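J.: Sharing upload-v5.txt here; it has compact mmCIF, C-alpha atoms.
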# COMPACT_ATOMS: atom_id res chain seq x y z
CA MET P 1 184.01 -117.52 85.53
CA VAL P 2 181.80 -119.87 87.41
CA ASN P 3 184.42 -122.54 87.42
CA ARG P 4 186.98 -120.20 88.83
CA LYS P 5 184.68 -119.14 91.58
CA LEU P 6 183.92 -122.73 92.42
CA ALA P 7 187.57 -123.55 92.51
CA LYS P 8 188.14 -120.65 94.84
CA LEU P 9 185.40 -121.86 97.17
CA SER P 10 186.53 -125.44 97.00
CA LYS P 11 189.87 -124.33 98.36
CA PHE P 12 188.23 -123.66 101.68
CA ARG P 13 185.67 -126.41 101.66
CA TYR P 14 187.51 -128.67 104.05
CA ALA P 15 188.15 -125.86 106.41
CA VAL P 16 184.46 -124.88 106.31
CA LEU P 17 183.23 -128.41 106.87
CA ALA P 18 185.67 -128.95 109.67
CA ALA P 19 184.54 -125.73 111.29
CA ILE P 20 180.88 -126.77 111.16
CA LEU P 21 181.64 -130.15 112.67
CA LEU P 22 183.66 -128.51 115.41
CA ILE P 23 180.80 -126.16 116.22
CA LEU P 24 178.41 -129.06 116.41
CA SER P 25 180.69 -130.99 118.72
CA ALA P 26 180.95 -127.95 120.92
CA GLY P 27 177.16 -127.94 120.98
CA LEU P 28 177.21 -131.44 122.46
CA VAL P 29 179.13 -130.13 125.43
CA LEU P 30 176.59 -127.42 125.97
CA LEU P 31 173.60 -129.76 125.82
CA PRO P 32 171.57 -129.55 129.01
CA LYS P 33 172.58 -131.96 131.65
CA TYR P 34 170.04 -134.66 132.30
CA GLU P 35 171.62 -136.02 135.42
CA LYS P 36 168.65 -134.97 137.43
CA HIS P 37 166.30 -136.61 135.04
CA GLU P 38 166.66 -140.06 136.51
CA GLY P 39 163.86 -142.58 136.56
CA ILE P 40 160.54 -142.76 134.81
CA ASN P 41 158.92 -139.67 133.31
CA PRO P 42 156.68 -137.52 135.48
CA GLU P 43 153.43 -138.35 133.68
CA GLU P 44 153.97 -142.03 134.29
CA LEU P 45 154.94 -141.41 137.88
CA LEU P 46 151.77 -139.41 138.41
CA SER P 47 149.52 -142.10 137.02
CA ASN P 48 151.25 -144.71 139.19
CA ALA P 49 151.05 -142.55 142.26
CA ILE P 50 147.38 -141.71 141.81
CA SER P 51 146.26 -145.30 141.47
CA PRO P 52 145.40 -147.02 144.74
CA GLU P 53 146.87 -150.32 143.54
CA ARG P 54 149.84 -150.02 145.84
CA TYR P 55 147.74 -150.25 148.99
CA ILE P 56 147.41 -153.46 150.90
CA THR P 57 144.85 -153.61 153.70
CA SER P 58 145.72 -154.69 157.19
CA ASP P 59 143.53 -157.78 156.86
CA GLN P 60 145.30 -158.91 153.71
CA LEU P 61 148.67 -158.31 155.32
CA ALA P 62 147.73 -160.16 158.50
CA ASN P 63 146.57 -163.05 156.40
CA ARG P 64 149.84 -163.21 154.53
CA ILE P 65 151.93 -162.98 157.69
CA ILE P 66 149.96 -165.72 159.42
CA ASN P 67 150.24 -167.98 156.40
CA GLN P 68 153.99 -167.36 156.49
CA ASP P 69 154.10 -166.16 152.92
CA PRO P 70 157.76 -166.61 151.91
CA SER P 71 157.63 -163.83 149.33
CA LEU P 72 156.71 -161.14 151.84
CA LEU P 73 159.22 -158.58 153.06
CA LEU P 74 158.14 -155.90 155.51
CA ILE P 75 159.98 -152.62 155.70
CA ASP P 76 159.46 -150.17 158.50
CA VAL P 77 160.24 -146.62 157.36
CA ARG P 78 159.77 -145.09 160.80
CA THR P 79 162.58 -144.07 163.10
CA ALA P 80 164.52 -146.68 165.03
CA GLU P 81 162.82 -145.54 168.23
CA HIS P 82 159.36 -146.43 166.95
CA TYR P 83 160.65 -149.58 165.36
CA ASN P 84 162.04 -150.78 168.67
CA ASN P 85 158.79 -150.04 170.44
CA TYR P 86 156.68 -152.07 168.09
CA SER P 87 157.22 -153.51 164.67
CA LEU P 88 155.49 -156.10 162.60
CA LEU P 89 156.81 -159.64 162.57
CA ASN P 90 160.26 -159.89 160.91
CA ALA P 91 160.16 -156.33 159.62
CA ILE P 92 163.33 -154.57 158.57
CA ASN P 93 163.91 -151.02 159.75
CA ILE P 94 164.93 -148.53 157.06
CA PRO P 95 164.23 -145.02 158.37
CA LEU P 96 162.91 -142.74 155.65
CA LYS P 97 166.05 -140.61 155.57
CA ASN P 98 168.19 -143.69 154.85
CA LEU P 99 165.90 -144.87 152.10
CA LEU P 100 168.30 -144.22 149.25
CA ASP P 101 171.45 -145.51 150.93
CA GLU P 102 173.44 -148.25 149.29
CA GLU P 103 172.52 -150.84 151.92
CA SER P 104 168.83 -150.07 151.59
CA LYS P 105 169.01 -150.49 147.85
CA ALA P 106 169.91 -154.14 148.32
CA TYR P 107 166.57 -154.67 150.00
CA LEU P 108 164.44 -152.44 147.83
CA TYR P 109 165.80 -153.05 144.36
CA GLN P 110 164.96 -156.65 143.66
CA ASP P 111 162.06 -158.64 142.31
CA ALA P 112 162.05 -161.74 144.48
CA TYR P 113 159.89 -160.33 147.25
CA ASP P 114 156.72 -158.34 147.64
CA ILE P 115 157.82 -155.46 149.78
CA VAL P 116 155.31 -153.81 152.08
CA LEU P 117 156.31 -150.39 153.31
CA TYR P 118 154.67 -149.10 156.44
CA SER P 119 154.86 -146.21 158.88
CA ASN P 120 152.55 -144.90 161.58
CA ASP P 121 150.11 -143.59 159.02
CA ASN P 122 150.67 -144.14 155.33
CA PHE P 123 152.13 -140.68 154.86
CA TYR P 124 155.84 -141.47 155.08
CA ALA P 125 155.38 -144.85 153.45
CA ASP P 126 153.72 -143.13 150.48
CA GLN P 127 156.59 -140.71 150.17
CA ALA P 128 159.04 -143.59 150.20
CA TRP P 129 156.91 -145.37 147.63
CA VAL P 130 156.86 -142.40 145.24
CA LEU P 131 160.64 -142.06 145.38
CA CYS P 132 161.17 -145.77 144.84
CA ASN P 133 158.65 -145.86 142.04
CA ARG P 134 160.50 -143.09 140.24
CA LEU P 135 163.62 -145.24 140.44
CA GLU P 136 161.63 -148.15 139.00
CA TYR P 137 161.84 -150.38 142.04
CA LYS P 138 159.41 -153.21 141.57
CA ASN P 139 156.88 -155.02 143.78
CA LEU P 140 156.42 -152.31 146.34
CA TYR P 141 153.26 -151.96 148.39
CA VAL P 142 152.08 -149.67 151.14
CA LEU P 143 150.15 -150.72 154.22
CA LYS P 144 146.97 -148.66 154.10
CA GLY P 145 146.58 -146.66 157.27
CA GLY P 146 149.89 -147.85 158.63
CA ILE P 147 150.43 -149.03 162.17
CA ASN P 148 147.59 -146.90 163.54
CA ASN P 149 145.10 -148.68 161.36
CA TRP P 150 146.81 -151.97 162.08
CA PHE P 151 146.18 -151.37 165.76
CA ASN P 152 142.56 -150.40 165.21
CA THR P 153 141.72 -153.37 163.03
CA ILE P 154 143.98 -156.27 163.88
CA ILE P 155 145.42 -155.72 167.34
CA ASN P 156 142.35 -154.18 168.91
CA PRO P 157 139.40 -154.92 166.62
CA PRO P 158 136.17 -153.14 167.49
CA LYS P 159 133.44 -155.43 168.64
CA PRO P 160 130.50 -155.46 166.25
CA THR P 161 127.21 -154.42 167.70
CA GLU P 162 124.17 -156.59 167.52
CA ASN P 163 122.58 -154.81 164.59
CA MET P 164 125.56 -155.41 162.30
CA PRO P 165 125.49 -158.05 159.58
CA ALA P 166 126.90 -161.52 160.05
CA GLU P 167 129.97 -160.74 157.93
CA ASP P 168 131.09 -158.24 160.52
CA PHE P 169 130.96 -160.86 163.21
CA GLU P 170 132.95 -163.20 161.04
CA LEU P 171 135.47 -160.48 160.31
CA PHE P 172 135.69 -159.72 164.01
CA SER P 173 136.39 -163.29 164.93
CA ASN P 174 139.02 -163.52 162.19
CA ARG P 175 140.68 -160.36 163.41
CA LYS P 176 140.53 -161.50 166.96
CA ALA P 177 142.19 -164.76 166.06
CA ALA P 178 144.81 -162.80 164.15
CA SER P 179 145.43 -160.56 167.14
CA MET P 180 146.03 -163.63 169.28
CA PHE P 181 148.59 -164.69 166.70
CA PHE P 182 150.30 -161.32 167.10
CA GLY P 183 150.57 -161.69 170.83
CA VAL P 184 147.41 -160.20 172.30
CA ALA P 185 146.03 -162.30 175.10
CA TYR P 186 142.39 -162.38 175.99
CA PRO P 187 141.13 -163.33 179.43
CA GLU P 188 138.56 -165.70 178.04
CA GLN P 189 141.24 -167.39 175.98
CA ALA P 190 142.99 -168.47 179.17
CA LYS P 191 139.73 -169.56 180.67
CA LYS P 192 138.80 -171.74 177.80
CA LYS P 193 141.54 -174.28 178.25
CA PRO P 194 140.73 -175.94 181.60
CA VAL P 195 137.09 -176.21 180.87
CA GLU P 196 136.59 -179.64 179.55
CA VAL P 197 133.11 -180.57 180.18
CA LYS P 198 132.87 -184.10 181.34
CA LYS P 199 129.63 -185.31 180.27
CA VAL P 200 128.01 -187.24 182.98
CA ILE P 201 125.51 -189.47 181.50
CA PRO P 202 122.69 -189.54 183.89
CA LYS P 203 121.72 -193.03 184.73
CA LYS P 204 118.50 -193.93 183.38
CA ILE P 205 116.23 -194.91 186.05
CA ILE P 206 113.61 -197.22 185.07
CA PRO P 207 110.93 -196.81 187.56
CA VAL P 208 109.82 -200.18 188.69
CA LYS P 209 106.18 -200.14 188.95
CA LYS P 210 105.20 -201.48 192.16
CA LYS P 211 102.29 -203.68 192.30
CA LYS P 212 99.58 -201.88 193.78
CA LYS P 213 98.51 -203.73 196.74
CA MET P 214 94.94 -204.22 196.53
CA PRO P 215 93.13 -203.41 199.62
CA VAL P 216 92.51 -206.56 201.42
CA GLU P 217 89.01 -207.30 200.83
CA GLY P 218 87.49 -209.55 203.26
CA GLY P 219 89.03 -212.88 204.08
CA CYS P 220 88.15 -216.41 204.12
CA MET L 1 186.88 -130.06 88.28
CA LYS L 2 188.83 -133.31 88.39
CA GLU L 3 190.18 -132.48 91.79
CA LEU L 4 186.66 -131.89 92.93
CA GLU L 5 185.44 -135.27 91.77
CA LYS L 6 188.20 -136.99 93.64
CA THR L 7 187.18 -135.59 96.93
CA LYS L 8 183.46 -135.63 96.26
CA ARG L 9 182.86 -138.52 98.59
CA ILE L 10 184.28 -136.82 101.61
CA SER L 11 182.25 -133.71 100.96
CA ILE L 12 179.04 -135.63 100.42
CA ALA L 13 179.58 -137.69 103.53
CA SER L 14 180.20 -134.71 105.74
CA VAL L 15 177.29 -132.75 104.29
CA LEU L 16 175.00 -135.70 104.91
CA PHE L 17 176.31 -135.97 108.43
CA ILE L 18 175.56 -132.34 109.13
CA LEU L 19 172.12 -132.70 107.59
CA VAL L 20 171.32 -135.63 109.85
CA ILE L 21 172.31 -133.66 112.88
CA ILE L 22 170.24 -130.65 111.83
CA ILE L 23 167.20 -132.85 111.16
CA GLY L 24 167.73 -134.48 114.52
CA LEU L 25 167.83 -131.12 116.26
CA LEU L 26 164.69 -129.94 114.52
CA ALA L 27 162.82 -133.12 115.28
CA TYR L 28 163.86 -133.10 118.92
CA LYS L 29 160.90 -132.43 121.08
CA ARG L 30 161.62 -131.27 124.53
CA PRO L 31 159.62 -133.31 127.04
CA LYS L 32 156.92 -131.24 128.64
CA HIS L 33 157.91 -132.00 132.16
CA LEU L 34 161.41 -132.40 133.40
CA TYR L 35 162.53 -133.20 136.90
CA SER L 36 164.66 -130.53 138.40
CA GLU L 37 165.22 -132.34 141.67
CA ASN L 38 166.74 -135.75 141.90
CA THR L 39 165.54 -138.33 144.38
CA ILE L 40 168.27 -137.66 146.92
CA SER L 41 167.59 -133.94 147.16
CA THR L 42 163.87 -134.67 147.35
CA LEU L 43 164.47 -137.08 150.19
CA GLU L 44 166.43 -134.42 152.02
CA LYS L 45 163.54 -132.04 151.62
CA ILE L 46 160.91 -134.44 152.90
CA SER L 47 163.08 -135.42 155.84
CA THR L 48 162.65 -131.89 157.14
CA ASN L 49 159.30 -130.84 158.47
CA GLU L 50 159.31 -127.42 156.88
CA TYR L 51 156.73 -128.16 154.28
CA PHE L 52 153.72 -128.38 156.59
CA VAL L 53 151.31 -125.54 157.16
CA THR L 54 148.65 -125.40 159.82
CA LEU L 55 145.23 -123.81 159.44
CA ASN L 56 146.31 -120.71 161.35
CA ASP L 57 148.98 -119.82 158.84
CA ILE L 58 147.05 -119.99 155.62
CA ASN L 59 145.38 -116.61 155.60
CA THR L 60 148.20 -114.52 154.28
CA PRO L 61 147.97 -112.97 150.81
CA ASP L 62 151.05 -114.84 149.63
CA ASN L 63 149.36 -118.17 149.98
CA VAL L 64 147.29 -119.86 147.34
CA LEU L 65 145.20 -122.80 148.47
CA VAL L 66 144.86 -125.64 146.00
CA ASP L 67 142.19 -128.27 146.51
CA ILE L 68 143.33 -131.53 144.96
CA ARG L 69 140.02 -133.33 145.42
CA ASN L 70 137.67 -133.84 142.52
CA GLN L 71 135.26 -131.23 141.34
CA PHE L 72 132.26 -132.79 143.03
CA GLU L 73 133.84 -132.70 146.43
CA TYR L 74 135.22 -129.24 145.77
CA GLU L 75 131.78 -127.93 145.04
CA LYS L 76 130.34 -129.66 148.04
CA GLY L 77 132.56 -127.54 150.19
CA HIS L 78 136.04 -126.12 150.14
CA LEU L 79 138.22 -123.77 152.08
CA GLU L 80 137.93 -120.09 151.39
CA ASN L 81 139.70 -118.81 148.26
CA ALA L 82 140.83 -122.26 147.26
CA ILE L 83 141.21 -123.20 143.61
CA ASN L 84 140.45 -126.70 142.41
CA ILE L 85 143.06 -128.77 140.63
CA TYR L 86 142.19 -132.44 140.72
CA ALA L 87 145.22 -134.57 141.60
CA PRO L 88 145.39 -136.66 138.38
CA GLU L 89 145.27 -133.47 136.32
CA ILE L 90 148.15 -131.57 137.84
CA LEU L 91 150.36 -132.13 134.79
CA THR L 92 148.00 -130.89 132.09
CA ASP L 93 149.14 -127.86 130.11
CA GLU L 94 146.64 -125.54 131.72
CA ASN L 95 147.48 -126.53 135.26
CA SER L 96 151.22 -126.53 134.64
CA GLU L 97 150.83 -122.95 133.51
CA ILE L 98 148.99 -122.10 136.70
CA PHE L 99 151.72 -123.63 138.83
CA GLU L 100 154.46 -121.91 136.84
CA LYS L 101 152.68 -118.60 137.15
CA LEU L 102 152.28 -118.98 140.88
CA LYS L 103 155.94 -119.80 141.10
CA THR L 104 157.02 -116.70 139.20
CA ASP L 105 154.68 -114.61 141.33
CA ASN L 106 156.47 -115.90 144.43
CA LYS L 107 153.29 -117.27 145.92
CA THR L 108 153.26 -120.22 148.24
CA ILE L 109 151.14 -123.06 146.97
CA ILE L 110 149.36 -124.94 149.72
CA LEU L 111 147.91 -128.28 148.75
CA TYR L 112 145.13 -129.88 150.69
CA GLY L 113 142.83 -132.85 150.40
CA ASN L 114 140.60 -134.88 152.65
CA THR L 115 143.60 -136.05 154.61
CA PRO L 116 147.26 -135.06 154.39
CA SER L 117 148.02 -138.52 153.02
CA ASP L 118 145.97 -137.77 149.90
CA VAL L 119 148.27 -134.90 149.07
CA VAL L 120 151.51 -136.86 149.21
CA SER L 121 151.62 -137.95 145.57
CA PRO L 122 150.81 -134.59 143.96
CA TYR L 123 153.16 -132.86 146.36
CA MET L 124 156.05 -135.20 145.66
CA ILE L 125 155.64 -134.94 141.91
CA LEU L 126 155.29 -131.18 141.80
CA TYR L 127 158.25 -130.73 144.09
CA GLN L 128 160.45 -132.94 141.95
CA LEU L 129 159.41 -130.94 138.90
CA GLY L 130 160.93 -127.87 140.45
CA ILE L 131 157.94 -126.17 142.03
CA ASP L 132 159.62 -125.68 145.34
CA ASN L 133 157.27 -123.06 146.77
CA ILE L 134 154.82 -125.76 147.67
CA LYS L 135 153.49 -126.90 151.02
CA ILE L 136 151.02 -129.32 152.53
CA LEU L 137 148.17 -128.27 154.75
CA SER L 138 148.29 -130.63 157.69
CA SER L 139 144.58 -130.79 158.31
CA GLU L 140 141.72 -133.11 157.77
CA ILE L 141 138.38 -132.36 156.19
CA THR L 142 135.21 -133.84 157.53
CA TYR L 143 131.59 -132.95 157.17
CA PHE L 144 129.15 -132.36 159.92
CA GLU L 145 125.57 -131.71 158.92
CA ASN L 146 126.76 -130.72 155.45
CA ASN L 147 129.14 -128.17 156.86
CA LEU L 148 132.76 -128.52 156.05
CA ILE L 149 134.94 -128.84 159.08
CA SER L 150 138.67 -128.75 158.85
CA LYS L 151 140.89 -129.37 161.79
CA ASP L 152 144.61 -129.70 162.22
CA VAL L 153 145.99 -133.16 162.61
CA ALA L 154 149.41 -134.34 163.57
CA ILE L 155 151.24 -136.02 160.74
CA GLU L 156 152.30 -139.60 161.37
CA LYS L 157 151.43 -139.52 165.02
CA TYR L 158 151.85 -142.80 166.85
CA GLN L 159 148.31 -142.95 168.16
CA ASN L 160 148.34 -146.07 170.22
CA ASP L 161 151.24 -147.67 171.93
CA VAL L 162 150.78 -151.11 170.43
CA ASN L 163 153.50 -152.72 172.45
CA ALA L 164 152.07 -151.42 175.70
CA PHE L 165 148.63 -152.62 174.67
CA ILE L 166 149.85 -156.14 174.05
CA GLN L 167 151.75 -156.26 177.33
CA GLU L 168 148.69 -154.97 179.11
CA SER L 169 146.48 -157.61 177.56
CA ILE L 170 148.89 -160.33 178.57
CA LYS L 171 148.95 -159.01 182.11
CA LYS L 172 145.21 -158.87 182.24
CA ALA L 173 144.92 -162.39 181.00
CA ALA L 174 147.54 -163.57 183.47
CA ILE L 175 145.56 -162.27 186.41
CA GLU L 176 142.57 -164.19 185.39
CA VAL L 177 144.50 -167.23 184.42
CA LYS L 178 143.14 -169.09 187.41
CA PRO L 179 139.50 -168.98 186.80
CA LYS L 180 137.45 -170.81 189.29
CA PRO L 181 137.25 -174.23 187.86
CA ASP L 182 133.58 -174.36 187.63
CA ILE L 183 132.70 -177.95 187.69
CA VAL L 184 129.56 -178.57 185.95
CA LYS L 185 127.41 -179.85 188.63
CA THR L 186 125.12 -182.52 187.55
CA PRO L 187 122.30 -182.26 189.95
CA LYS L 188 121.65 -185.53 191.55
CA LYS L 189 118.34 -186.77 190.83
CA ILE L 190 116.60 -187.51 193.96
CA ILE L 191 114.19 -190.19 193.62
CA PRO L 192 111.77 -189.87 196.38
CA ILE L 193 111.19 -193.20 197.83
CA LYS L 194 107.61 -193.58 198.34
CA LYS L 195 106.96 -194.97 201.62
CA LYS L 196 104.63 -197.78 201.66
CA LYS L 197 101.48 -196.60 202.97
CA LYS L 198 100.55 -198.84 205.66
CA MET L 199 97.18 -199.94 204.90
CA PRO L 200 94.89 -200.15 207.76
CA VAL L 201 94.46 -203.73 208.60
CA GLU L 202 91.13 -204.60 207.43
CA GLY L 203 89.76 -207.58 209.03
CA GLY L 204 91.59 -210.83 209.14
CA CYS L 205 90.82 -214.38 209.39
Mind turning this structure into structure tokens?

T.:
Amino acid sequence: MVNRKLAKLSKFRYAVLAAILLILSAGLVLLPKYEKHEGINPEELLSNAISPERYITSDQLANRIINQDPSLLLIDVRTAEHYNNYSLLNAINIPLKNLLDEESKAYLYQDAYDIVLYSNDNFYADQAWVLCNRLEYKNLYVLKGGINNWFNTIINPPKPTENMPAEDFELFSNRKAASMFFGVAYPEQAKKKPVEVKKVIPKKIIPVKKKKKMPVEGGC
Amino acid sequence: MKELEKTKRISIASVLFILVIIIGLLAYKRPKHLYSENTISTLEKISTNEYFVTLNDINTPDNVLVDIRNQFEYEKGHLENAINIYAPEILTDENSEIFEKLKTDNKTIILYGNTPSDVVSPYMILYQLGIDNIKILSSEITYFENNLISKDVAIEKYQNDVNAFIQESIKKAAIEVKPKPDIVKTPKKIIPIKKKKKMPVEGGC
């Protein structure tokens, strides 16, 4: 009896197995689409985005520009209008809305350069950074405070007051020198050149002591 | 029976295959957080300026203020009716639930921090995860005599015209380019010649 039943079942076994496999393959089609799930996972993105490692200060950046660091690439994410008004030395303009274009990718998706993104504040640059970080673009940095902070520290550094420590004065003179590098002229800078103090060595006058004439005392 | 043995291998293979798939399905763990926006659609969203809220617009019942600063700063002072979700903790189970609930309730989530820039990262991540009813409060928080002061600020405002400043400085310097060449005068030393005092002739021979 059992054997007969088994034989009966085994008649259909291929059909049954085939049916199951077909159902499973149909399931593959229905699997959720993960197209949108590009890039690194959200937890990782969050921990990257929260860490302040991506920020570069204006002093560090100025230093690297002045030393003509060959691995530095500056990218301006502001609009073309702002870029034309003022941009950092040799910066490339990629407005935020063109960030993910094909041409921009050539600049952003590489590992030869350290890329510094900047905007007026660091708001737009941060947004650009988060998007690029999700796409696993490497070596991206953000200028802390953006151009506004750049202006307040490098281009127009505040003069330290007398009660500030010596480091501040040093920092100020560094920044001032940097601002001269970036094209700011100071009146005293122009003055300095012609003044070449010729040192006139005063002739030493050796006072010759005159013989004191003795009052003529008497005579012969 | 014999027929069965002949085709045993095929059956076993296909059964194993199905088993593997079933085990795979059971073991599959859905990631907790999935993006629902890709980078391009996110970029389109942030290119608009619709996601900013000013202080005047926050006091409607549909809005929920979320303070992304840490607990210490939150307790020091926060906006009225704000809840505190510290930025690095926005993806914990608890907080995800809160965000999901707010989303289903059709509330608008307004994030704020010390400056709008602080809110960028949490905003971007939450938006990409599909919480699209989210906005940024475009205001800054400062303290004055331990009182919290919040005032609206313009986002990404070009505060100083750098180019104009540089041109100005060059102009200024150019005017004073001809400083009076101040020759360092070395004062001549005047050696007073002492006149011989004529002595009164005293006697003679």

J.: Which is closest to Gln167 (chain L) among P:Trp150, P:Tyr86, P:Phe172, P:Phe123, if we use only C-alpha atoms?

T.: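 Going through P:Trp150, P:Tyr86, P:Phe172, P:Phe123 one by one, the smallest distance to Gln167 (chain L) is for P:Tyr86.
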
J.: Residues around (155.7, -125.4, 141.9), cut-off 8 Å, counting only C-alpha atoms - what are they as a list in words?

T.: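 The residues that fall inside the cut-off are Phe99, Glu100, Leu102, Lys103, Ile109, Leu126, Tyr127, Leu129, Gly130, Ile131, Asp132, Asn133 and Ile134 of chain L.
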
J.: Figure out the distance between CA of Pro61 (chain L) and CA of Val120 (chain L), please, to one decimal in Å.

T.: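 Separation of CA of Val120 (chain L) and CA of Pro61 (chain L): 24.2 Å.
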
J.: List the neighbours of Thr153 (chain P) out to 12 Å using only C-alpha atoms; skip same-chain residues closer than 6 positions along the sequence, and give me the result as JSON, numbers by chain.

T.: {"P": [57, 58, 59, 60, 61, 62, 144, 145, 146, 147, 159, 160, 168, 171, 172, 173, 174, 175, 176, 177, 178, 179], "L": [162]}

J.: Restricting the calculation to all atoms listed in the file, which member of P:Asn152, P:Asn120, P:Thr161, P:Asn84 is positioned closest to chain L?

T.: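 The closest residue to chain L is P:Asn120.
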
J.: Tell me which protein, DNA and RNA residues are within 12 Å of region 180-183 of chain P, counting only C-alpha atoms, leaving out same-chain ones fewer than 4 positions away, and put them as an MDAnalysis selection string.

T.: (chainID P and resid 62:63 65:68 86:90 150:151 154:157 173:176 187:190) or (chainID L and resid 162:171 173)

J.: Okay, now the selection with C-alpha atoms, as a CSV table (one decimal), in the coordinates of the input?

T.:
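Full text of again29.csv as output:
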chain,number,residue,atom,x,y,z
P,62,ALA,CA,147.7,-160.2,158.5
P,63,ASN,CA,146.6,-163.0,156.4
P,65,ILE,CA,151.9,-163.0,157.7
P,66,ILE,CA,150.0,-165.7,159.4
P,67,ASN,CA,150.2,-168.0,156.4
P,68,GLN,CA,154.0,-167.4,156.5
P,86,TYR,CA,156.7,-152.1,168.1
P,87,SER,CA,157.2,-153.5,164.7
P,88,LEU,CA,155.5,-156.1,162.6
P,89,LEU,CA,156.8,-159.6,162.6
P,90,ASN,CA,160.3,-159.9,160.9
P,150,TRP,CA,146.8,-152.0,162.1
P,151,PHE,CA,146.2,-151.4,165.8
P,154,ILE,CA,144.0,-156.3,163.9
P,155,ILE,CA,145.4,-155.7,167.3
P,156,ASN,CA,142.4,-154.2,168.9
P,157,PRO,CA,139.4,-154.9,166.6
P,173,SER,CA,136.4,-163.3,164.9
P,174,ASN,CA,139.0,-163.5,162.2
P,175,ARG,CA,140.7,-160.4,163.4
P,176,LYS,CA,140.5,-161.5,167.0
P,187,PRO,CA,141.1,-163.3,179.4
P,188,GLU,CA,138.6,-165.7,178.0
P,189,GLN,CA,141.2,-167.4,176.0
P,190,ALA,CA,143.0,-168.5,179.2
L,162,VAL,CA,150.8,-151.1,170.4
L,163,ASN,CA,153.5,-152.7,172.4
L,164,ALA,CA,152.1,-151.4,175.7
L,165,PHE,CA,148.6,-152.6,174.7
L,166,ILE,CA,149.8,-156.1,174.0
L,167,GLN,CA,151.8,-156.3,177.3
L,168,GLU,CA,148.7,-155.0,179.1
L,169,SER,CA,146.5,-157.6,177.6
L,170,ILE,CA,148.9,-160.3,178.6
L,171,LYS,CA,149.0,-159.0,182.1
L,173,ALA,CA,144.9,-162.4,181.0

J.: From the list P:Ala15, P:Val116, P:Leu131, P:Ala166, which residue is nearest chain L when using all atoms listed in the file?

T.: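 Using all atoms listed in the file, the shortest distance to chain L belongs to P:Leu131.
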
J.: For CA of Asn122 (chain P) and CA of Ile141 (chain L), determine how far apart the two atoms are, in Å to one decimal place.

T.: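 We find that CA of Asn122 (chain P) and CA of Ile141 (chain L) lie 17.0 Å from each other.
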
J.: From the list P:Ile75, P:Val130, P:Ile56, P:Ile40, which residue is nearest chain L when using only C-alpha atoms?

T.: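 Once distances to chain L are computed over only C-alpha atoms, the minimum belongs to P:Val130.
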
J.: Could you tell me how far CA of Tyr74 (chain L) lies from CA of Ser138 (chain L), in Å and to one decimal?

T.: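 Straight-line distance from CA of Tyr74 (chain L) to CA of Ser138 (chain L) works out to 17.7 Å.
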
J.: Select, counting all atoms listed in the file, all protein, DNA and RNA residues no farther than 7 Å from (150.5, -126.8, 151.7) in file coordinates, and express the selection as a PyMOL selection string.

T.: chain L and resi 51-53+109-112+134-137

J.: Between P:Ala80, P:Leu143, P:Cys132, P:Ala18, which has the minimum distance to Leu108 (chain P) (counting all atoms listed in the file)?

T.: P:Cys132

J.: Using all atoms listed in the file, find the one residue out of L:Val119, L:Ile18, L:Val64, L:Ile58 that sits nearest to Tyr86 (chain L).

T.: L:Val119

J.: So that all listed atoms of region 45-59 of chain P fit with 3 Å spare on each side, what axis-aligned box centre and edge lengths in Å, to one decimal, would you give as JSON?

T.:
{"center_x": 149.2, "center_y": -148.6, "center_z": 147.1, "size_x": 17.4, "size_y": 24.4, "size_z": 26.2}

J.: Skipping near chain neighbours, those fewer than 2 positions away, what residues fall within 7 Å of Val153 (chain L) using all atoms listed in the file, listed as a PDB file with C-alpha atoms, in the coordinates of the input?

T.:
ATOM      1  CA  SER L 138     148.290-130.630 157.690  1.00  0.00           C
ATOM      2  CA  SER L 139     144.580-130.790 158.310  1.00  0.00           C
ATOM      3  CA  GLU L 140     141.720-133.110 157.770  1.00  0.00           C
ATOM      4  CA  LYS L 151     140.890-129.370 161.790  1.00  0.00           C
ATOM      5  CA  ILE L 155     151.240-136.020 160.740  1.00  0.00           C
TER       6      ILE L 155
END
